[in-house]
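Have a look at the structure below before the remarks.
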Amino acid sequence: MNETVKKLMKGVIISCQAYESTPLYGSEYMVAMAKSAEMGGANGIRACWPQDVKAIKENTTLPVIGIFKDFGDGDPLDDIFITPTLEKASAIVEAGCDVLALDCTIRKKRSFEELKRLLMEIKEKYPYIPIMADLATLDEAVKVAKTGYVDIISTTLSGYTRDSMNKYSDGPDVQLIRDIKKYTSLPVNAEGRIWELGDLELVIEAGADIVSIGSAVTRPQLITERFVKGNHKYRNS
């Protein structure tokens with residue numbers, strides 16, 4: 001097992017990301033988030049875009065899982081936007097990430113053979129960089145694991161693709177974690193809709209080797225929105 005992956009095992013990754021439309025957009029804010037996560041005992045940081053990866057690497061000692069989100073104008077259920085190309089992967093690796101994460105779903109816009117080719121190209125160019133496969137279904141996990149090109153399987157996209165949208169809920173996809181642990185031998189990162197300590201307990205019991213938490217920690221507008229909705233619900237019931 002890769003040494004960086006070993007450091008992440010049984011730990012918590014905090015996702016520090018903000019979009020241009022939000023008040024916390026900017027590397028200086030993401031560095032502050034990452035340093036706060038490090039102070040709190042996080043084992044790693046997940047960061048988006050080269051400038052943020054570089055800034056966080058320069059200001060913390062934690063491993064950084066890097067991604068490059070490239071949004072198109074299409075339906076987000078169909079578009080592949082997490083590190084979709086070798087060019088985007090190269091930009092993140094050269095910014096200094098310790099682990100590269102990318103969308104490893106299988107969709108109409110990209111066949112499994114095309115995905116496999118991309119993974120091979122990344123590994124040939126950067127053989128020392130472990131890859132985290134962000135995916136949504138067990139079938140994808142099994143196929144990607146068999147390529148031998150990925151080091152961690154992550155449930156990041158469960159509920160956010162057309163093949164998995166029927167599984168969307170307010171909580172994490174616990175069954176997918178169980179199934180991946182049963183049918184593959186790779187470490188599993190539980191990511192997506194982990195809001196409470198109860199959710200954390202559920203994914204660990206399901207077999208998650210690593211847990212990634214984002215919105216519940218680093219997206220105050222969504223944290224606020226949950227409490228506001230809860231307030232309306234209870235006051236109007």
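Numbering starts fresh at 1 for the residues of each chain in the structure tokens, the chains themselves are lettered A, B, ... in the order given, and ligands are numbered from 1 as they appear.
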
Requested in this report: Would you list the contacts of range 81-92 of chain A as number ranges by chain, taking every protein, DNA or RNA residue within 9 Å and counting only C-alpha atoms, but skipping same-chain residues closer than 2 positions in sequence?
Outcome: A: 48-51, 53-54, 66-72, 76, 79, 94-97, 100-104, 118-119, 121-122, 125-126, 134

Now that the selection is made, can you save its residues with N, CA, C and O atoms as a CSV table (one decimal), in the first residue's frame?
```csv
chain,number,residue,atom,x,y,z
A,48,CYS,N,-9.8,21.6,-4.3
A,48,CYS,CA,-10.2,21.7,-5.7
A,48,CYS,C,-9.4,22.9,-6.4
A,48,CYS,O,-9.3,24.0,-5.8
A,49,TRP,N,-8.9,22.7,-7.6
A,49,TRP,CA,-8.2,23.6,-8.4
A,49,TRP,C,-6.7,23.8,-8.0
A,49,TRP,O,-6.4,23.8,-6.8
A,50,PRO,N,-5.9,24.0,-9.0
A,50,PRO,CA,-4.4,24.0,-8.7
A,50,PRO,C,-4.0,25.1,-7.7
A,50,PRO,O,-3.2,24.9,-6.9
A,51,GLN,N,-4.6,26.3,-7.8
A,51,GLN,CA,-4.2,27.3,-6.9
A,51,GLN,C,-4.5,27.0,-5.4
A,51,GLN,O,-3.7,27.3,-4.5
A,53,VAL,N,-4.8,23.8,-4.2
A,53,VAL,CA,-4.0,22.7,-3.8
A,53,VAL,C,-2.6,23.2,-3.4
A,53,VAL,O,-2.0,22.8,-2.4
A,54,LYS,N,-2.0,24.1,-4.3
A,54,LYS,CA,-0.7,24.6,-4.0
A,54,LYS,C,-0.6,25.4,-2.7
A,54,LYS,O,0.3,25.2,-1.9
A,66,GLY,N,-6.3,16.1,-4.4
A,66,GLY,CA,-6.5,17.1,-5.3
A,66,GLY,C,-7.5,16.8,-6.4
A,66,GLY,O,-7.5,15.6,-6.9
A,67,ILE,N,-8.4,17.7,-6.7
A,67,ILE,CA,-9.3,17.5,-7.8
A,67,ILE,C,-9.4,18.8,-8.7
A,67,ILE,O,-9.0,19.8,-8.2
A,68,PHE,N,-9.9,18.6,-9.9
A,68,PHE,CA,-10.1,19.8,-10.7
A,68,PHE,C,-11.5,19.7,-11.3
A,68,PHE,O,-11.8,18.9,-12.2
A,69,LYS,N,-12.4,20.5,-10.7
A,69,LYS,CA,-13.8,20.5,-11.2
A,69,LYS,C,-13.9,21.4,-12.4
A,69,LYS,O,-13.5,22.6,-12.3
A,70,ASP,N,-14.5,20.9,-13.4
A,70,ASP,CA,-14.6,21.6,-14.7
A,70,ASP,C,-16.1,21.4,-15.2
A,70,ASP,O,-16.4,20.4,-15.8
A,71,PHE,N,-16.9,22.4,-14.8
A,71,PHE,CA,-18.3,22.3,-15.1
A,71,PHE,C,-18.6,22.7,-16.5
A,71,PHE,O,-18.2,23.8,-17.0
A,72,GLY,N,-19.5,22.0,-17.1
A,72,GLY,CA,-20.0,22.3,-18.5
A,72,GLY,C,-21.4,22.9,-18.4
A,72,GLY,O,-21.9,23.2,-17.3
A,76,PRO,N,-25.9,17.9,-14.9
A,76,PRO,CA,-24.9,17.4,-14.0
A,76,PRO,C,-25.0,15.9,-13.7
A,76,PRO,O,-24.1,15.3,-13.2
A,79,ASP,N,-22.9,14.8,-16.9
A,79,ASP,CA,-21.6,15.4,-17.2
A,79,ASP,C,-20.5,14.8,-16.3
A,79,ASP,O,-20.8,14.6,-15.1
A,94,GLU,N,0.8,18.6,-10.7
A,94,GLU,CA,1.9,19.5,-10.7
A,94,GLU,C,1.7,20.7,-9.7
A,94,GLU,O,2.7,21.3,-9.4
A,95,ALA,N,0.5,20.8,-9.2
A,95,ALA,CA,0.3,21.8,-8.2
A,95,ALA,C,0.8,21.3,-6.8
A,95,ALA,O,0.9,22.0,-5.9
A,96,GLY,N,1.0,20.0,-6.8
A,96,GLY,CA,1.5,19.4,-5.5
A,96,GLY,C,0.7,18.4,-4.8
A,96,GLY,O,1.0,18.1,-3.6
A,97,CYS,N,-0.4,17.9,-5.4
A,97,CYS,CA,-1.3,17.0,-4.6
A,97,CYS,C,-0.5,15.7,-4.3
A,97,CYS,O,0.4,15.3,-4.9
A,100,LEU,N,-4.5,12.0,-6.3
A,100,LEU,CA,-5.3,12.6,-7.3
A,100,LEU,C,-6.7,11.9,-7.3
A,100,LEU,O,-6.7,10.6,-7.4
A,101,ALA,N,-7.7,12.7,-7.2
A,101,ALA,CA,-9.1,12.1,-7.3
A,101,ALA,C,-9.7,12.5,-8.6
A,101,ALA,O,-9.6,13.6,-9.1
A,102,LEU,N,-10.5,11.5,-9.2
A,102,LEU,CA,-11.2,11.8,-10.4
A,102,LEU,C,-12.5,11.0,-10.5
A,102,LEU,O,-12.6,9.9,-9.9
A,103,ASP,N,-13.4,11.5,-11.3
A,103,ASP,CA,-14.6,10.8,-11.6
A,103,ASP,C,-14.3,9.5,-12.3
A,103,ASP,O,-13.8,9.5,-13.4
A,104,CYS,N,-14.7,8.4,-11.7
A,104,CYS,CA,-14.6,7.1,-12.3
A,104,CYS,C,-15.9,6.4,-12.6
A,104,CYS,O,-16.0,5.2,-12.6
A,118,LEU,N,-7.8,6.7,-19.8
A,118,LEU,CA,-7.4,7.9,-19.0
A,118,LEU,C,-6.6,7.5,-17.7
A,118,LEU,O,-5.5,8.1,-17.4
A,119,LEU,N,-7.1,6.5,-17.0
A,119,LEU,CA,-6.4,6.0,-15.8
A,119,LEU,C,-5.0,5.5,-16.2
A,119,LEU,O,-4.0,5.8,-15.5
A,121,GLU,N,-3.1,6.5,-18.7
A,121,GLU,CA,-2.3,7.6,-19.1
A,121,GLU,C,-1.8,8.4,-17.9
A,121,GLU,O,-0.6,8.8,-17.8
A,122,ILE,N,-2.7,8.5,-16.9
A,122,ILE,CA,-2.3,9.2,-15.7
A,122,ILE,C,-1.2,8.4,-14.9
A,122,ILE,O,-0.2,8.9,-14.5
A,125,LYS,N,2.2,8.6,-16.7
A,125,LYS,CA,2.8,9.9,-16.5
A,125,LYS,C,3.2,10.2,-15.1
A,125,LYS,O,4.2,10.8,-14.8
A,126,TYR,N,2.4,9.7,-14.1
A,126,TYR,CA,2.6,10.0,-12.7
A,126,TYR,C,2.5,8.7,-11.9
A,126,TYR,O,1.6,8.5,-11.1
A,134,ASP,N,-13.5,8.4,-7.6
A,134,ASP,CA,-14.9,8.9,-7.2
A,134,ASP,C,-15.9,8.2,-8.1
A,134,ASP,O,-15.9,8.4,-9.3
```

Query raised in the report: Do you know which residues are at most 10 Å from Glu3 in chain A counting only C-alpha atoms, after dropping those on the same chain fewer than 4 positions away, and could you put them as number ranges by chain?
Result: A: 7-8, 130

Keeping only C-alpha atoms, write the selected residues as a CSV table (one decimal), in the first residue's frame.
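out15.csv written:
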```csv
chain,number,residue,atom,x,y,z
A,7,LYS,CA,-1.5,7.8,6.5
A,8,LEU,CA,-5.2,8.3,5.5
A,130,PRO,CA,-2.1,7.3,-5.8
```

Report task. Taking the DSSP assignment computed from this structure's backbone, write out as number ranges by chain all residues of range 13-168 of chain A that belong to helix (DSSP H, G or I). Result -> A: 27-39, 50-59, 86-95, 112-125, 138-147, 165-167

Report task. Write out as a PyMOL selection string which residues come within 12 Å of Gly41 in chain A when counting only C-alpha atoms, dropping same-chain ones fewer than 2 positions away. Result -> chain A and resi 8+11-14+34-39+43-45+61-62

Selection export as a PDB file, in the first residue's frame, atoms kept: N, CA, C and O atoms:
```pdb
ATOM      1  N   LEU A   8      -3.753   7.941   5.500  1.00  0.00           N
ATOM      2  CA  LEU A   8      -5.165   8.301   5.481  1.00  0.00           C
ATOM      3  C   LEU A   8      -6.056   7.238   6.121  1.00  0.00           C
ATOM      4  O   LEU A   8      -7.179   7.553   6.547  1.00  0.00           O
ATOM      5  N   GLY A  11      -8.722   7.452   9.126  1.00  0.00           N
ATOM      6  CA  GLY A  11      -8.719   8.870   9.443  1.00  0.00           C
ATOM      7  C   GLY A  11      -9.860   9.622   8.791  1.00  0.00           C
ATOM      8  O   GLY A  11     -10.695   9.066   8.071  1.00  0.00           O
ATOM      9  N   VAL A  12      -9.877  10.920   9.036  1.00  0.00           N
ATOM     10  CA  VAL A  12     -10.896  11.818   8.505  1.00  0.00           C
ATOM     11  C   VAL A  12     -10.251  12.821   7.553  1.00  0.00           C
ATOM     12  O   VAL A  12      -9.253  13.463   7.893  1.00  0.00           O
ATOM     13  N   ILE A  13     -10.804  12.913   6.365  1.00  0.00           N
ATOM     14  CA  ILE A  13     -10.405  13.919   5.375  1.00  0.00           C
ATOM     15  C   ILE A  13     -11.449  15.034   5.415  1.00  0.00           C
ATOM     16  O   ILE A  13     -12.650  14.763   5.422  1.00  0.00           O
ATOM     17  N   ILE A  14     -10.991  16.268   5.424  1.00  0.00           N
ATOM     18  CA  ILE A  14     -11.911  17.399   5.367  1.00  0.00           C
ATOM     19  C   ILE A  14     -11.806  18.056   3.985  1.00  0.00           C
ATOM     20  O   ILE A  14     -10.717  18.410   3.544  1.00  0.00           O
ATOM     21  N   ALA A  34      -8.295  24.751   5.828  1.00  0.00           N
ATOM     22  CA  ALA A  34      -7.403  23.594   5.932  1.00  0.00           C
ATOM     23  C   ALA A  34      -6.597  23.621   7.226  1.00  0.00           C
ATOM     24  O   ALA A  34      -6.419  22.589   7.882  1.00  0.00           O
ATOM     25  N   LYS A  35      -6.108  24.794   7.591  1.00  0.00           N
ATOM     26  CA  LYS A  35      -5.348  24.919   8.838  1.00  0.00           C
ATOM     27  C   LYS A  35      -6.239  24.646  10.051  1.00  0.00           C
ATOM     28  O   LYS A  35      -5.799  24.043  11.040  1.00  0.00           O
ATOM     29  N   SER A  36      -7.488  25.065   9.969  1.00  0.00           N
ATOM     30  CA  SER A  36      -8.435  24.771  11.049  1.00  0.00           C
ATOM     31  C   SER A  36      -8.687  23.271  11.139  1.00  0.00           C
ATOM     32  O   SER A  36      -8.762  22.706  12.240  1.00  0.00           O
ATOM     33  N   ALA A  37      -8.820  22.619   9.971  1.00  0.00           N
ATOM     34  CA  ALA A  37      -9.024  21.171   9.952  1.00  0.00           C
ATOM     35  C   ALA A  37      -7.814  20.448  10.525  1.00  0.00           C
ATOM     36  O   ALA A  37      -7.946  19.468  11.279  1.00  0.00           O
ATOM     37  N   GLU A  38      -6.629  20.918  10.175  1.00  0.00           N
ATOM     38  CA  GLU A  38      -5.404  20.321  10.713  1.00  0.00           C
ATOM     39  C   GLU A  38      -5.360  20.485  12.234  1.00  0.00           C
ATOM     40  O   GLU A  38      -5.020  19.542  12.961  1.00  0.00           O
ATOM     41  N   MET A  39      -5.713  21.652  12.721  1.00  0.00           N
ATOM     42  CA  MET A  39      -5.737  21.914  14.153  1.00  0.00           C
ATOM     43  C   MET A  39      -6.714  20.970  14.861  1.00  0.00           C
ATOM     44  O   MET A  39      -6.497  20.555  16.002  1.00  0.00           O
ATOM     45  N   ASN A  43      -6.823  14.056   9.080  1.00  0.00           N
ATOM     46  CA  ASN A  43      -5.706  13.285   8.506  1.00  0.00           C
ATOM     47  C   ASN A  43      -5.347  13.739   7.105  1.00  0.00           C
ATOM     48  O   ASN A  43      -4.277  13.398   6.592  1.00  0.00           O
ATOM     49  N   GLY A  44      -6.243  14.474   6.461  1.00  0.00           N
ATOM     50  CA  GLY A  44      -5.981  14.914   5.100  1.00  0.00           C
ATOM     51  C   GLY A  44      -6.971  15.984   4.688  1.00  0.00           C
ATOM     52  O   GLY A  44      -7.987  16.210   5.352  1.00  0.00           O
ATOM     53  N   ILE A  45      -6.670  16.652   3.569  1.00  0.00           N
ATOM     54  CA  ILE A  45      -7.521  17.705   3.020  1.00  0.00           C
ATOM     55  C   ILE A  45      -7.852  17.353   1.578  1.00  0.00           C
ATOM     56  O   ILE A  45      -6.989  16.899   0.826  1.00  0.00           O
ATOM     57  N   THR A  61       0.735  20.595   6.834  1.00  0.00           N
ATOM     58  CA  THR A  61       1.576  19.396   6.716  1.00  0.00           C
ATOM     59  C   THR A  61       0.765  18.179   6.307  1.00  0.00           C
ATOM     60  O   THR A  61       1.302  17.080   6.229  1.00  0.00           O
ATOM     61  N   LEU A  62      -0.523  18.360   6.037  1.00  0.00           N
ATOM     62  CA  LEU A  62      -1.406  17.230   5.745  1.00  0.00           C
ATOM     63  C   LEU A  62      -1.336  16.800   4.278  1.00  0.00           C
ATOM     64  O   LEU A  62      -1.107  17.631   3.401  1.00  0.00           O
TER      65      LEU A  62
END
```

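Here the strand (DSSP E or B) residues in range 84-235 of chain A, by DSSP on the backbone, are A:Val99, A:Leu100, A:Ala101, A:Leu102, A:Asp103, A:Arg107, A:Arg110, A:Ile131, A:Met132, A:Ala133, A:Asp134, A:Ile152, A:Ile153, A:Ser154, A:Val188, A:Asn189, A:Ala190, A:Glu191, A:Ile210, A:Val211, A:Ser212, A:Ile213.
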
Give me, as a short mmCIF file (atom, residue, chain, number, x, y, z; two decimals) with C-alpha atoms, in the first residue's frame, all polymer residues having an atom no more than 8 Å from range 206-209 of chain A, counting only C-alpha atoms and skipping those fewer than 3 positions away in the same chain.
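Dumped to part_22.cif:
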```cif
data_model
loop_
_atom_site.label_atom_id
_atom_site.label_comp_id
_atom_site.auth_asym_id
_atom_site.auth_seq_id
_atom_site.Cartn_x
_atom_site.Cartn_y
_atom_site.Cartn_z
CA MET A 9 -6.39 4.92 6.72
CA LYS A 10 -8.82 5.09 9.66
CA GLY A 11 -8.72 8.87 9.44
CA VAL A 174 -24.10 2.77 3.61
CA GLN A 175 -25.09 -0.20 1.45
CA ILE A 177 -19.83 0.89 1.22
CA ARG A 178 -20.74 -2.61 2.41
CA LYS A 181 -15.90 -3.87 0.82
CA PRO A 187 -9.55 0.83 0.75
CA VAL A 188 -12.93 2.56 0.73
CA ASN A 189 -13.42 6.27 1.35
CA ALA A 190 -16.94 7.11 2.53
CA LEU A 202 -22.89 4.19 10.22
CA VAL A 203 -20.18 4.40 7.54
#
```
